[in-house]
Amino acid sequence: MADVRADMVANVMEIYVTQGGQIEIGDTIVLLESMKMEIPVIAEEAGKVTRIAVSVGDVVQEGDLLVSITN
């Protein structure tokens with residue numbers, strides 16, 4: 001299981017995955033916005049999305065869980 005966490009304080013702009021959906025390495029998982037810059041969060045592992053821990057409009061802190069993935 002892999003947890004995808006926020007690298008910085010940011011706003012969640014868009015979520016591109018669905019719970020139970022399959023993702024591949026390189027897929028965009030979430031789009032964050034910080035200091036007027038859009039930051040795509042890219043999958044570093046392939047697998048099934050088992051949990052989406054954020055919603056559009058949420059403010060996340062560094063280290064907050066975004067998504068959980070199982071291989």
# chains A, B, ... in the order shown; residues from 1 in each chain; ligands from 1
$ residues_around --residues "Leu65 (chain A)" --least-positions-apart "6" --cutoff "9 Å" --atoms "only C-alpha atoms" --output "PDB file with all heavy atoms, in the first residue's frame"
ATOM      1  N   ASP A   3       0.804   5.502   0.323  1.00  0.00           N
ATOM      2  CA  ASP A   3       0.069   6.714   0.635  1.00  0.00           C
ATOM      3  C   ASP A   3       0.685   7.861  -0.144  1.00  0.00           C
ATOM      4  O   ASP A   3       1.907   8.038  -0.136  1.00  0.00           O
ATOM      5  CB  ASP A   3       0.137   7.026   2.131  1.00  0.00           C
ATOM      6  CG  ASP A   3      -0.719   6.084   2.969  1.00  0.00           C
ATOM      7  OD1 ASP A   3      -1.671   5.498   2.416  1.00  0.00           O
ATOM      8  OD2 ASP A   3      -0.439   5.942   4.162  1.00  0.00           O
ATOM      9  N   VAL A   4      -0.151   8.625  -0.835  1.00  0.00           N
ATOM     10  CA  VAL A   4       0.296   9.817  -1.551  1.00  0.00           C
ATOM     11  C   VAL A   4      -0.021  11.000  -0.643  1.00  0.00           C
ATOM     12  O   VAL A   4      -1.165  11.207  -0.260  1.00  0.00           O
ATOM     13  CB  VAL A   4      -0.419   9.949  -2.907  1.00  0.00           C
ATOM     14  CG1 VAL A   4       0.041  11.204  -3.627  1.00  0.00           C
ATOM     15  CG2 VAL A   4      -0.191   8.709  -3.756  1.00  0.00           C
ATOM     16  N   ARG A   5       1.022  11.760  -0.307  1.00  0.00           N
ATOM     17  CA  ARG A   5       0.874  12.865   0.649  1.00  0.00           C
ATOM     18  C   ARG A   5       1.244  14.192  -0.001  1.00  0.00           C
ATOM     19  O   ARG A   5       1.993  14.243  -0.964  1.00  0.00           O
ATOM     20  CB  ARG A   5       1.756  12.613   1.870  1.00  0.00           C
ATOM     21  CG  ARG A   5       1.317  11.355   2.607  1.00  0.00           C
ATOM     22  CD  ARG A   5       2.025  11.172   3.930  1.00  0.00           C
ATOM     23  NE  ARG A   5       1.505  10.023   4.628  1.00  0.00           N
ATOM     24  CZ  ARG A   5       0.438  10.020   5.418  1.00  0.00           C
ATOM     25  NH1 ARG A   5      -0.227  11.134   5.623  1.00  0.00           N
ATOM     26  NH2 ARG A   5       0.027   8.916   6.010  1.00  0.00           N
ATOM     27  N   ALA A   6       0.706  15.264   0.558  1.00  0.00           N
ATOM     28  CA  ALA A   6       0.992  16.613   0.065  1.00  0.00           C
ATOM     29  C   ALA A   6       2.430  16.996   0.400  1.00  0.00           C
ATOM     30  O   ALA A   6       2.910  16.718   1.497  1.00  0.00           O
ATOM     31  CB  ALA A   6       0.026  17.612   0.690  1.00  0.00           C
ATOM     32  N   ILE A  52      -9.662   8.101  -1.014  1.00  0.00           N
ATOM     33  CA  ILE A  52      -9.426   9.500  -1.375  1.00  0.00           C
ATOM     34  C   ILE A  52      -9.718  10.286  -0.112  1.00  0.00           C
ATOM     35  O   ILE A  52     -10.844  10.303   0.378  1.00  0.00           O
ATOM     36  CB  ILE A  52     -10.317   9.948  -2.545  1.00  0.00           C
ATOM     37  CG1 ILE A  52     -10.028   9.099  -3.785  1.00  0.00           C
ATOM     38  CG2 ILE A  52     -10.103  11.429  -2.828  1.00  0.00           C
ATOM     39  CD1 ILE A  52     -10.961   9.340  -4.939  1.00  0.00           C
ATOM     40  N   ALA A  53      -8.689  10.917   0.431  1.00  0.00           N
ATOM     41  CA  ALA A  53      -8.792  11.556   1.745  1.00  0.00           C
ATOM     42  C   ALA A  53      -9.085  13.053   1.685  1.00  0.00           C
ATOM     43  O   ALA A  53      -9.185  13.694   2.723  1.00  0.00           O
ATOM     44  CB  ALA A  53      -7.502  11.309   2.528  1.00  0.00           C
ATOM     45  N   VAL A  54      -9.211  13.598   0.481  1.00  0.00           N
ATOM     46  CA  VAL A  54      -9.447  15.036   0.334  1.00  0.00           C
ATOM     47  C   VAL A  54     -10.623  15.275  -0.599  1.00  0.00           C
ATOM     48  O   VAL A  54     -11.040  14.382  -1.333  1.00  0.00           O
ATOM     49  CB  VAL A  54      -8.190  15.768  -0.213  1.00  0.00           C
ATOM     50  CG1 VAL A  54      -7.052  15.697   0.775  1.00  0.00           C
ATOM     51  CG2 VAL A  54      -7.781  15.207  -1.569  1.00  0.00           C
TER      52      VAL A  54
END
$ select_by_dssp --residues "region 13-71 of chain A" --states "strand (DSSP E or B)" --output "MDAnalysis selection string"
chainID A and resid 13:15 22:23 28:34 37:42 47:52 59:60 65:70
$ write_last_selection --atoms "N, CA and C atoms" --output "short mmCIF file (atom, residue, chain, number, x, y, z; two decimals), in the first residue's frame"
data_model
loop_
_atom_site.label_atom_id
_atom_site.label_comp_id
_atom_site.auth_asym_id
_atom_site.auth_seq_id
_atom_site.Cartn_x
_atom_site.Cartn_y
_atom_site.Cartn_z
N MET A 13 -7.44 21.63 -6.03
CA MET A 13 -8.18 22.23 -7.15
C MET A 13 -9.04 21.19 -7.88
N GLU A 14 -8.46 20.01 -8.15
CA GLU A 14 -9.18 18.96 -8.87
C GLU A 14 -8.69 17.60 -8.40
N ILE A 15 -9.55 16.61 -8.49
CA ILE A 15 -9.20 15.23 -8.18
C ILE A 15 -9.49 14.42 -9.45
N GLN A 22 -8.33 2.19 -11.17
CA GLN A 22 -6.94 1.80 -11.41
C GLN A 22 -6.15 3.01 -11.92
N ILE A 23 -4.92 3.13 -11.46
CA ILE A 23 -4.04 4.18 -11.97
C ILE A 23 -2.71 3.57 -12.38
N THR A 28 -1.91 11.65 -13.46
CA THR A 28 -2.14 12.75 -12.52
C THR A 28 -3.24 12.33 -11.56
N ILE A 29 -2.95 12.44 -10.27
CA ILE A 29 -3.89 12.02 -9.23
C ILE A 29 -4.73 13.22 -8.78
N VAL A 30 -4.06 14.29 -8.41
CA VAL A 30 -4.71 15.47 -7.85
C VAL A 30 -3.99 16.71 -8.40
N LEU A 31 -4.74 17.80 -8.55
CA LEU A 31 -4.14 19.08 -8.92
C LEU A 31 -4.23 19.99 -7.71
N LEU A 32 -3.07 20.44 -7.23
CA LEU A 32 -3.00 21.36 -6.09
C LEU A 32 -2.68 22.76 -6.59
N GLU A 33 -3.02 23.76 -5.79
CA GLU A 33 -2.68 25.15 -6.10
C GLU A 33 -2.03 25.76 -4.87
N SER A 34 -0.87 26.35 -5.10
CA SER A 34 -0.17 27.03 -4.02
C SER A 34 0.52 28.25 -4.58
N MET A 37 0.28 28.93 -8.24
CA MET A 37 0.88 27.94 -9.15
C MET A 37 0.09 26.65 -9.04
N GLU A 38 -0.17 26.02 -10.19
CA GLU A 38 -0.84 24.72 -10.20
C GLU A 38 0.22 23.63 -10.15
N ILE A 39 0.04 22.69 -9.22
CA ILE A 39 1.01 21.61 -9.02
C ILE A 39 0.32 20.27 -9.18
N PRO A 40 0.57 19.56 -10.28
CA PRO A 40 -0.02 18.23 -10.42
C PRO A 40 0.71 17.23 -9.53
N VAL A 41 -0.05 16.35 -8.88
CA VAL A 41 0.52 15.27 -8.09
C VAL A 41 0.46 14.03 -8.97
N ILE A 42 1.63 13.46 -9.29
CA ILE A 42 1.76 12.37 -10.25
C ILE A 42 1.95 11.05 -9.52
N GLY A 47 -1.63 0.97 -9.39
CA GLY A 47 -2.45 0.20 -8.47
C GLY A 47 -3.88 0.67 -8.45
N LYS A 48 -4.58 0.23 -7.40
CA LYS A 48 -6.00 0.55 -7.21
C LYS A 48 -6.12 1.61 -6.13
N VAL A 49 -6.93 2.63 -6.40
CA VAL A 49 -7.17 3.70 -5.42
C VAL A 49 -8.12 3.14 -4.35
N THR A 50 -7.64 3.05 -3.12
CA THR A 50 -8.46 2.50 -2.04
C THR A 50 -9.06 3.58 -1.15
N ARG A 51 -8.51 4.78 -1.20
CA ARG A 51 -9.04 5.87 -0.37
C ARG A 51 -8.69 7.21 -0.99
N ILE A 52 -9.66 8.10 -1.01
CA ILE A 52 -9.43 9.50 -1.37
C ILE A 52 -9.72 10.29 -0.11
N VAL A 59 -7.98 22.62 2.03
CA VAL A 59 -6.63 23.13 2.22
C VAL A 59 -5.85 22.02 2.92
N VAL A 60 -4.75 21.59 2.29
CA VAL A 60 -3.93 20.53 2.87
C VAL A 60 -2.62 21.11 3.38
N LEU A 65 -2.43 13.28 4.05
CA LEU A 65 -2.79 12.21 3.12
C LEU A 65 -3.72 12.74 2.03
N LEU A 66 -3.40 12.43 0.78
CA LEU A 66 -4.26 12.77 -0.34
C LEU A 66 -5.03 11.53 -0.80
N VAL A 67 -4.27 10.46 -1.11
CA VAL A 67 -4.85 9.24 -1.68
C VAL A 67 -4.04 8.04 -1.20
N SER A 68 -4.73 6.91 -1.01
CA SER A 68 -4.06 5.64 -0.72
C SER A 68 -4.22 4.72 -1.92
N ILE A 69 -3.15 3.99 -2.24
CA ILE A 69 -3.13 3.10 -3.40
C ILE A 69 -2.63 1.72 -2.95
N THR A 70 -3.26 0.66 -3.45
CA THR A 70 -2.73 -0.70 -3.22
C THR A 70 -2.27 -1.26 -4.54
#
$ residues_around --residues "Gly26 (chain A)" --least-positions-apart "4" --cutoff "9 Å" --atoms "only C-alpha atoms" --output "list of chain:residue names"
A:Ile42, A:Ala43, A:Glu44, A:Glu45, A:Ala46
$ atom_distance --atom1 "CA of Glu24 (chain A)" --atom2 "CA of Glu62 (chain A)"
24.0 Å
